[in-house]
>>> print(open('structure.tsv').read())   # TSV, C-alpha atoms
chain	number	residue	atom	x	y	z
A	1	MET	CA	61.52	106.33	107.19
A	2	THR	CA	64.46	108.12	105.64
A	3	CYS	CA	64.44	111.02	103.18
A	4	ASP	CA	67.71	111.44	101.26
A	5	LEU	CA	68.16	115.21	101.44
A	6	ASP	CA	70.96	115.15	98.87
A	7	ALA	CA	68.49	113.71	96.34
A	8	TRP	CA	65.36	115.63	97.44
A	9	SER	CA	64.45	118.71	95.41
A	10	SER	CA	62.61	121.43	97.27
A	11	PRO	CA	59.51	122.59	95.42
A	12	GLY	CA	60.59	126.15	96.25
A	13	GLU	CA	59.41	128.80	98.66
A	14	GLY	CA	56.38	129.70	96.53
A	15	ALA	CA	54.99	126.16	96.77
A	16	ILE	CA	55.77	125.90	100.47
A	17	PHE	CA	54.87	129.34	101.79
A	18	GLY	CA	52.44	130.74	99.23
A	19	ASP	CA	48.76	131.34	99.96
A	20	VAL	CA	46.72	128.38	98.65
A	21	ASP	CA	42.95	128.11	99.15
A	22	GLY	CA	43.19	130.71	101.91
A	23	TYR	CA	45.79	128.67	103.80
A	24	ARG	CA	49.27	129.93	104.52
A	25	VAL	CA	52.31	128.05	105.81
A	26	ARG	CA	55.03	129.99	107.60
A	27	ARG	CA	57.71	129.70	110.25
A	28	ALA	CA	56.21	129.88	113.73
A	29	ASP	CA	56.90	132.90	115.90
A	30	PRO	CA	57.99	132.28	119.52
A	31	GLY	CA	55.35	134.82	120.59
A	32	GLU	CA	52.56	132.46	119.53
A	33	ARG	CA	53.60	129.77	121.99
A	34	GLU	CA	50.17	129.74	123.69
A	35	ALA	CA	48.22	129.51	120.42
A	36	LEU	CA	50.41	126.61	119.26
A	37	ARG	CA	50.14	124.94	122.66
A	38	GLY	CA	46.34	125.25	122.52
A	39	LEU	CA	46.11	123.76	119.01
A	40	ILE	CA	48.27	120.75	119.88
A	41	GLU	CA	46.52	120.09	123.22
A	42	ARG	CA	43.10	120.20	121.50
A	43	GLU	CA	43.98	117.95	118.59
A	44	TRP	CA	46.89	115.70	119.64
A	45	SER	CA	48.93	114.86	122.72
A	46	VAL	CA	50.93	116.39	125.53
A	47	ALA	CA	54.06	114.64	124.21
A	48	TRP	CA	53.63	116.34	120.82
A	49	ARG	CA	53.05	119.66	122.56
A	50	ASP	CA	56.20	119.35	124.63
A	51	ALA	CA	58.31	118.39	121.60
A	52	ALA	CA	57.00	121.25	119.47
A	53	MET	CA	57.64	123.76	122.26
A	54	LEU	CA	61.34	122.78	122.14
A	55	GLY	CA	61.47	123.83	118.49
A	56	LEU	CA	60.34	127.35	119.32
A	57	SER	CA	63.65	127.96	121.09
A	58	HIS	CA	65.81	127.03	118.09
A	59	GLU	CA	67.56	129.64	115.97
A	60	PRO	CA	65.98	129.78	113.51
A	61	VAL	CA	62.72	128.47	114.99
A	62	GLY	CA	62.34	124.77	114.11
A	63	VAL	CA	58.54	124.84	113.88
A	64	PHE	CA	56.29	125.71	110.95
A	65	VAL	CA	52.59	126.43	111.19
A	66	ALA	CA	49.64	126.41	108.83
A	67	GLU	CA	46.97	129.04	109.33
A	68	LYS	CA	43.67	130.10	107.86
A	69	GLY	CA	42.10	133.40	108.77
A	70	GLY	CA	44.66	133.97	111.52
A	71	GLU	CA	43.85	130.65	113.21
A	72	LEU	CA	46.53	127.98	113.56
A	73	VAL	CA	45.33	124.72	111.98
A	74	GLY	CA	48.53	122.68	111.64
A	75	PHE	CA	52.19	122.49	112.59
A	76	SER	CA	55.43	120.65	111.94
A	77	ALA	CA	58.68	120.53	113.88
A	78	TYR	CA	62.17	119.19	113.34
A	79	GLU	CA	65.17	118.27	115.48
A	80	VAL	CA	63.18	118.71	118.68
A	81	ASP	CA	63.57	115.54	120.75
A	82	GLN	CA	65.30	113.04	118.50
A	83	CYS	CA	68.51	113.07	116.47
A	84	LEU	CA	69.87	115.81	114.22
A	85	GLY	CA	68.06	115.57	110.91
A	86	SER	CA	64.84	114.28	112.48
A	87	PHE	CA	61.31	115.30	111.52
A	88	GLY	CA	58.22	115.39	113.70
A	89	PRO	CA	55.89	115.74	115.35
A	90	THR	CA	53.49	117.15	112.79
A	91	GLY	CA	49.76	117.38	112.32
A	92	VAL	CA	46.91	119.13	110.53
A	93	ALA	CA	43.59	119.52	112.36
A	94	PRO	CA	41.05	117.08	110.86
A	95	ALA	CA	38.70	119.84	109.65
A	96	HIS	CA	41.52	121.31	107.53
A	97	ARG	CA	42.98	118.19	105.92
A	98	GLY	CA	42.91	117.68	102.17
A	99	HIS	CA	44.45	121.04	101.20
A	100	GLY	CA	48.06	119.88	100.88
A	101	LEU	CA	49.09	121.38	104.21
A	102	GLY	CA	50.82	118.24	105.48
A	103	ALA	CA	53.17	118.21	102.49
A	104	ARG	CA	53.85	121.93	102.72
A	105	LEU	CA	54.64	121.70	106.44
A	106	LEU	CA	56.97	118.76	105.78
A	107	TRP	CA	58.68	120.60	102.91
A	108	GLY	CA	59.32	123.66	105.12
A	109	CYS	CA	61.22	121.46	107.57
A	110	LEU	CA	63.09	119.55	104.85
A	111	ASP	CA	64.10	122.81	103.19
A	112	ASP	CA	65.58	124.03	106.50
A	113	LEU	CA	67.37	120.73	107.04
A	114	GLN	CA	68.95	121.00	103.59
A	115	LYS	CA	70.11	124.53	104.38
A	116	LYS	CA	71.72	123.12	107.55
A	117	ARG	CA	73.55	120.68	105.24
A	118	ARG	CA	71.94	117.59	106.74
A	119	LYS	CA	72.39	114.59	104.44
A	120	GLU	CA	69.21	112.80	105.42
A	121	CYS	CA	66.04	113.24	107.42
A	122	GLN	CA	64.76	110.57	109.78
A	123	ILE	CA	60.97	110.50	109.99
A	124	GLY	CA	60.16	108.55	113.12
A	125	TRP	CA	56.90	107.09	114.41
A	126	VAL	CA	55.45	107.06	110.89
A	127	GLY	CA	51.77	106.41	110.32
A	128	PRO	CA	51.10	107.34	106.67
A	129	VAL	CA	54.01	105.59	104.90
A	130	GLY	CA	52.59	106.26	101.42
A	131	PHE	CA	52.22	109.98	102.12
A	132	TYR	CA	55.88	110.40	103.07
A	133	HIS	CA	57.05	108.39	100.08
A	134	ARG	CA	54.98	110.54	97.70
A	135	ALA	CA	55.75	113.86	99.42
A	136	CYS	CA	59.53	113.52	99.65
A	137	GLY	CA	60.64	110.11	98.38
A	138	ALA	CA	61.18	108.75	101.90
A	139	ILE	CA	61.80	105.04	102.12
A	140	LEU	CA	61.33	102.49	104.87
A	141	GLU	CA	64.53	101.46	106.57
A	142	PRO	CA	65.14	98.52	108.90
A	143	ALA	CA	63.01	98.58	112.02
A	144	TYR	CA	64.35	97.60	115.40
A	145	TRP	CA	62.35	95.97	118.16
A	146	MET	CA	63.28	95.95	121.80
A	147	MET	CA	62.31	92.71	123.44
A	148	SER	CA	62.74	91.52	126.97
A	149	ARG	CA	62.17	88.45	129.00
A	150	LYS	CA	62.53	87.54	132.62
A	151	LEU	CA	65.60	85.42	133.31
A	152	THR	CA	65.28	82.32	135.41
A	153	THR	CA	67.99	80.68	137.45
A	154	GLU	CA	68.44	78.21	134.55
A	155	ASP	CA	69.40	81.11	132.23
A	156	ARG	CA	72.20	82.37	134.47
>>> encode(input="structure.tsv", output="structure tokens")
Amino acid sequence: MTCDLDAWSSPGEGAIFGDVDGYRVRRADPGEREALRGLIEREWSVAWRDAAMLGLSHEPVGVFVAEKGGELVGFSAYEVDQCLGSFGPTGVAPAHRGHGLGARLLWGCLDDLQKKRRKECQIGWVGPVGFYHRACGAILEPAYWMMSRKLTTEDR
């Protein structure tokens, strides 16, 4: 999916980073590498963990986290293992969904991408299409499939 960053309007830092229902979204700190690693390994995959770890070395850090009571419960990352202007991976632990954290984590990344003067954001490997459309106006773009077949001597 593609989010047109020239057309997207950030809801503002208060909506992204404010304290809502006891949850706070903020930029990750490189010193919490182990806590972030633990969250992602418990809830998602090694591939997501490895990608998010790359974002901790960016300047500024390209990872945002959601926390409640000092415990990390969600994260988002951008420009970690895809193209410039890319978003993901991202996730909110199942027990903490339904509080708007996914949108706030997305918005933190989009806000940074706008500040970097990116024109668009590519959201790859999308599951919840409707969520991304509602949260940032992202639209589906053409999809590409890689196909293969074994050649026979008749094909040569």
>>> closest_residue(input="structure.tsv", among="A:Ala93, A:Leu5, A:Leu106, A:Val129", to="Glu67 (chain A)", atoms="all atoms listed in the file")
A:Ala93
>>> axis_aligned_box(input="structure.tsv", around="region 84-91 of chain A", padding_each_side="5 Å", output="JSON")
{"center_x": 59.8, "center_y": 115.8, "center_z": 113.1, "size_x": 30.1, "size_y": 13.1, "size_z": 14.4}
>>> residues_around(input="structure.tsv", residues="Glu79 (chain A)", least_positions_apart="3", cutoff="12 Å", atoms="all atoms listed in the file", output="number ranges by chain")
A: 51-63, 76, 82-89, 109-110, 112-113, 116, 118, 121-124
>>> write_last_selection(input="structure.tsv", atoms="C-alpha atoms", output="mmCIF file, in the frame of the given file")
data_model
loop_
_atom_site.group_PDB
_atom_site.id
_atom_site.type_symbol
_atom_site.label_atom_id
_atom_site.label_comp_id
_atom_site.auth_asym_id
_atom_site.auth_seq_id
_atom_site.Cartn_x
_atom_site.Cartn_y
_atom_site.Cartn_z
ATOM 1 C CA ALA A 51 58.310 118.390 121.600
ATOM 2 C CA ALA A 52 57.000 121.250 119.470
ATOM 3 C CA MET A 53 57.640 123.760 122.260
ATOM 4 C CA LEU A 54 61.340 122.780 122.140
ATOM 5 C CA GLY A 55 61.470 123.830 118.490
ATOM 6 C CA LEU A 56 60.340 127.350 119.320
ATOM 7 C CA SER A 57 63.650 127.960 121.090
ATOM 8 C CA HIS A 58 65.810 127.030 118.090
ATOM 9 C CA GLU A 59 67.560 129.640 115.970
ATOM 10 C CA PRO A 60 65.980 129.780 113.510
ATOM 11 C CA VAL A 61 62.720 128.470 114.990
ATOM 12 C CA GLY A 62 62.340 124.770 114.110
ATOM 13 C CA VAL A 63 58.540 124.840 113.880
ATOM 14 C CA SER A 76 55.430 120.650 111.940
ATOM 15 C CA GLN A 82 65.300 113.040 118.500
ATOM 16 C CA CYS A 83 68.510 113.070 116.470
ATOM 17 C CA LEU A 84 69.870 115.810 114.220
ATOM 18 C CA GLY A 85 68.060 115.570 110.910
ATOM 19 C CA SER A 86 64.840 114.280 112.480
ATOM 20 C CA PHE A 87 61.310 115.300 111.520
ATOM 21 C CA GLY A 88 58.220 115.390 113.700
ATOM 22 C CA PRO A 89 55.890 115.740 115.350
ATOM 23 C CA CYS A 109 61.220 121.460 107.570
ATOM 24 C CA LEU A 110 63.090 119.550 104.850
ATOM 25 C CA ASP A 112 65.580 124.030 106.500
ATOM 26 C CA LEU A 113 67.370 120.730 107.040
ATOM 27 C CA LYS A 116 71.720 123.120 107.550
ATOM 28 C CA ARG A 118 71.940 117.590 106.740
ATOM 29 C CA CYS A 121 66.040 113.240 107.420
ATOM 30 C CA GLN A 122 64.760 110.570 109.780
ATOM 31 C CA ILE A 123 60.970 110.500 109.990
ATOM 32 C CA GLY A 124 60.160 108.550 113.120
#
>>> closest_residue(input="structure.tsv", among="A:Asp81, A:Glu13, A:Asp4, A:Glu120", to="Trp48 (chain A)", atoms="only C-alpha atoms")
A:Asp81
>>> atom_distance(input="structure.tsv", atom1="CA of Met1 (chain A)", atom2="CA of Phe75 (chain A)")
19.4 Å
>>> residues_around(input="structure.tsv", residues="Ala35 (chain A)", least_positions_apart="3", cutoff="12 Å", atoms="all atoms listed in the file", output="PyMOL selection string")
chain A and resi 28-32+38-42+49+53+65+67+70-75
>>> atom_distance(input="structure.tsv", atom1="CA of Ala7 (chain A)", atom2="CA of Tyr23 (chain A)")
28.2 Å
>>> closest_residue(input="structure.tsv", among="A:Val126, A:Val92, A:Cys3, A:Leu140", to="Glu43 (chain A)", atoms="only C-alpha atoms")
A:Val92
>>> atom_distance(input="structure.tsv", atom1="CA of Gly98 (chain A)", atom2="CA of Gly14 (chain A)")
18.9 Å
>>> closest_residue(input="structure.tsv", among="A:Val80, A:Ala66, A:Glu154, A:Asp6", to="Arg117 (chain A)", atoms="all atoms listed in the file")
A:Asp6
>>> closest_residue(input="structure.tsv", among="A:Gln114, A:Leu105, A:Asp50, A:Phe64", to="Arg27 (chain A)", atoms="only C-alpha atoms")
A:Phe64
>>> closest_residue(input="structure.tsv", among="A:Tyr132, A:Tyr78, A:Arg149, A:Glu34", to="Gly108 (chain A)", atoms="only C-alpha atoms")
A:Tyr78
>>> decode(input="structure.tsv", residues="region 50-130 of chain A", atoms="C-alpha atoms", output="PDB file, in the first residue's frame")
ATOM      1  CA  ASP A  50      16.104  -8.345  13.152  1.00  0.00           C
ATOM      2  CA  ALA A  51      14.469  -5.598  11.076  1.00  0.00           C
ATOM      3  CA  ALA A  52      13.493  -3.533  14.119  1.00  0.00           C
ATOM      4  CA  MET A  53      17.009  -3.818  15.559  1.00  0.00           C
ATOM      5  CA  LEU A  54      18.328  -2.112  12.400  1.00  0.00           C
ATOM      6  CA  GLY A  55      16.135   0.905  13.140  1.00  0.00           C
ATOM      7  CA  LEU A  56      17.754   1.407  16.534  1.00  0.00           C
ATOM      8  CA  SER A  57      20.991   2.405  14.810  1.00  0.00           C
ATOM      9  CA  HIS A  58      19.419   5.177  12.718  1.00  0.00           C
ATOM     10  CA  GLU A  59      19.869   8.839  13.563  1.00  0.00           C
ATOM     11  CA  PRO A  60      17.304   9.658  14.728  1.00  0.00           C
ATOM     12  CA  VAL A  61      16.210   6.188  15.858  1.00  0.00           C
ATOM     13  CA  GLY A  62      13.729   4.772  13.324  1.00  0.00           C
ATOM     14  CA  VAL A  63      11.688   2.808  15.873  1.00  0.00           C
ATOM     15  CA  PHE A  64       8.770   3.908  18.031  1.00  0.00           C
ATOM     16  CA  VAL A  65       7.419   1.996  21.003  1.00  0.00           C
ATOM     17  CA  ALA A  66       4.179   1.882  22.942  1.00  0.00           C
ATOM     18  CA  GLU A  67       4.381   1.309  26.667  1.00  0.00           C
ATOM     19  CA  LYS A  68       2.113   0.936  29.648  1.00  0.00           C
ATOM     20  CA  GLY A  69       3.465   1.034  33.165  1.00  0.00           C
ATOM     21  CA  GLY A  70       7.047   0.927  31.889  1.00  0.00           C
ATOM     22  CA  GLU A  71       6.431  -2.271  29.894  1.00  0.00           C
ATOM     23  CA  LEU A  72       6.846  -2.275  26.117  1.00  0.00           C
ATOM     24  CA  VAL A  73       3.628  -3.472  24.462  1.00  0.00           C
ATOM     25  CA  GLY A  74       4.070  -2.420  20.825  1.00  0.00           C
ATOM     26  CA  PHE A  75       6.514  -1.074  18.270  1.00  0.00           C
ATOM     27  CA  SER A  76       6.839   0.303  14.760  1.00  0.00           C
ATOM     28  CA  ALA A  77       9.853   0.797  12.522  1.00  0.00           C
ATOM     29  CA  TYR A  78      10.596   2.484   9.232  1.00  0.00           C
ATOM     30  CA  GLU A  79      13.285   2.321   6.550  1.00  0.00           C
ATOM     31  CA  VAL A  80      14.867  -0.731   8.150  1.00  0.00           C
ATOM     32  CA  ASP A  81      15.198  -3.424   5.486  1.00  0.00           C
ATOM     33  CA  GLN A  82      13.281  -2.157   2.486  1.00  0.00           C
ATOM     34  CA  CYS A  83      13.382   1.038   0.424  1.00  0.00           C
ATOM     35  CA  LEU A  84      13.596   4.634   1.622  1.00  0.00           C
ATOM     36  CA  GLY A  85      10.119   5.692   2.659  1.00  0.00           C
ATOM     37  CA  SER A  86       9.111   2.197   3.782  1.00  0.00           C
ATOM     38  CA  PHE A  87       7.088   1.335   6.878  1.00  0.00           C
ATOM     39  CA  GLY A  88       7.213  -1.826   8.946  1.00  0.00           C
ATOM     40  CA  PRO A  89       7.433  -4.086  10.723  1.00  0.00           C
ATOM     41  CA  THR A  90       4.952  -3.055  13.382  1.00  0.00           C
ATOM     42  CA  GLY A  91       2.846  -4.743  16.013  1.00  0.00           C
ATOM     43  CA  VAL A  92       0.862  -4.315  19.215  1.00  0.00           C
ATOM     44  CA  ALA A  93       0.741  -7.228  21.668  1.00  0.00           C
ATOM     45  CA  PRO A  94      -2.720  -8.854  21.507  1.00  0.00           C
ATOM     46  CA  ALA A  95      -3.575  -8.044  25.141  1.00  0.00           C
ATOM     47  CA  HIS A  96      -3.094  -4.320  24.418  1.00  0.00           C
ATOM     48  CA  ARG A  97      -4.949  -3.932  21.128  1.00  0.00           C
ATOM     49  CA  GLY A  98      -8.003  -1.712  20.819  1.00  0.00           C
ATOM     50  CA  HIS A  99      -6.470   1.427  22.356  1.00  0.00           C
ATOM     51  CA  GLY A 100      -5.417   3.133  19.120  1.00  0.00           C
ATOM     52  CA  LEU A 101      -1.763   2.219  19.550  1.00  0.00           C
ATOM     53  CA  GLY A 102      -1.345   0.839  16.032  1.00  0.00           C
ATOM     54  CA  ALA A 103      -2.407   4.145  14.490  1.00  0.00           C
ATOM     55  CA  ARG A 104      -0.255   6.181  16.858  1.00  0.00           C
ATOM     56  CA  LEU A 105       2.812   4.031  16.129  1.00  0.00           C
ATOM     57  CA  LEU A 106       2.179   4.372  12.386  1.00  0.00           C
ATOM     58  CA  TRP A 107       1.712   8.145  12.678  1.00  0.00           C
ATOM     59  CA  GLY A 108       5.023   8.517  14.550  1.00  0.00           C
ATOM     60  CA  CYS A 109       6.825   6.894  11.618  1.00  0.00           C
ATOM     61  CA  LEU A 110       4.888   8.840   8.979  1.00  0.00           C
ATOM     62  CA  ASP A 111       5.597  12.099  10.799  1.00  0.00           C
ATOM     63  CA  ASP A 112       9.343  11.326  10.719  1.00  0.00           C
ATOM     64  CA  LEU A 113       9.181  10.381   7.046  1.00  0.00           C
ATOM     65  CA  GLN A 114       7.512  13.707   6.242  1.00  0.00           C
ATOM     66  CA  LYS A 115      10.241  15.545   8.145  1.00  0.00           C
ATOM     67  CA  LYS A 116      12.787  13.663   5.998  1.00  0.00           C
ATOM     68  CA  ARG A 117      10.902  15.060   2.967  1.00  0.00           C
ATOM     69  CA  ARG A 118       9.846  11.653   1.674  1.00  0.00           C
ATOM     70  CA  LYS A 119       7.030  11.990  -0.861  1.00  0.00           C
ATOM     71  CA  GLU A 120       5.378   8.663  -0.136  1.00  0.00           C
ATOM     72  CA  CYS A 121       5.482   5.751   2.254  1.00  0.00           C
ATOM     73  CA  GLN A 122       5.416   2.161   1.058  1.00  0.00           C
ATOM     74  CA  ILE A 123       3.654  -0.160   3.490  1.00  0.00           C
ATOM     75  CA  GLY A 124       4.719  -3.654   2.516  1.00  0.00           C
ATOM     76  CA  TRP A 125       3.409  -7.064   3.542  1.00  0.00           C
ATOM     77  CA  VAL A 126       0.051  -5.553   4.499  1.00  0.00           C
ATOM     78  CA  GLY A 127      -2.496  -7.574   6.428  1.00  0.00           C
ATOM     79  CA  PRO A 128      -5.136  -5.073   7.597  1.00  0.00           C
ATOM     80  CA  VAL A 129      -5.784  -3.093   4.391  1.00  0.00           C
ATOM     81  CA  GLY A 130      -8.787  -1.248   5.857  1.00  0.00           C
TER      82      GLY A 130
END
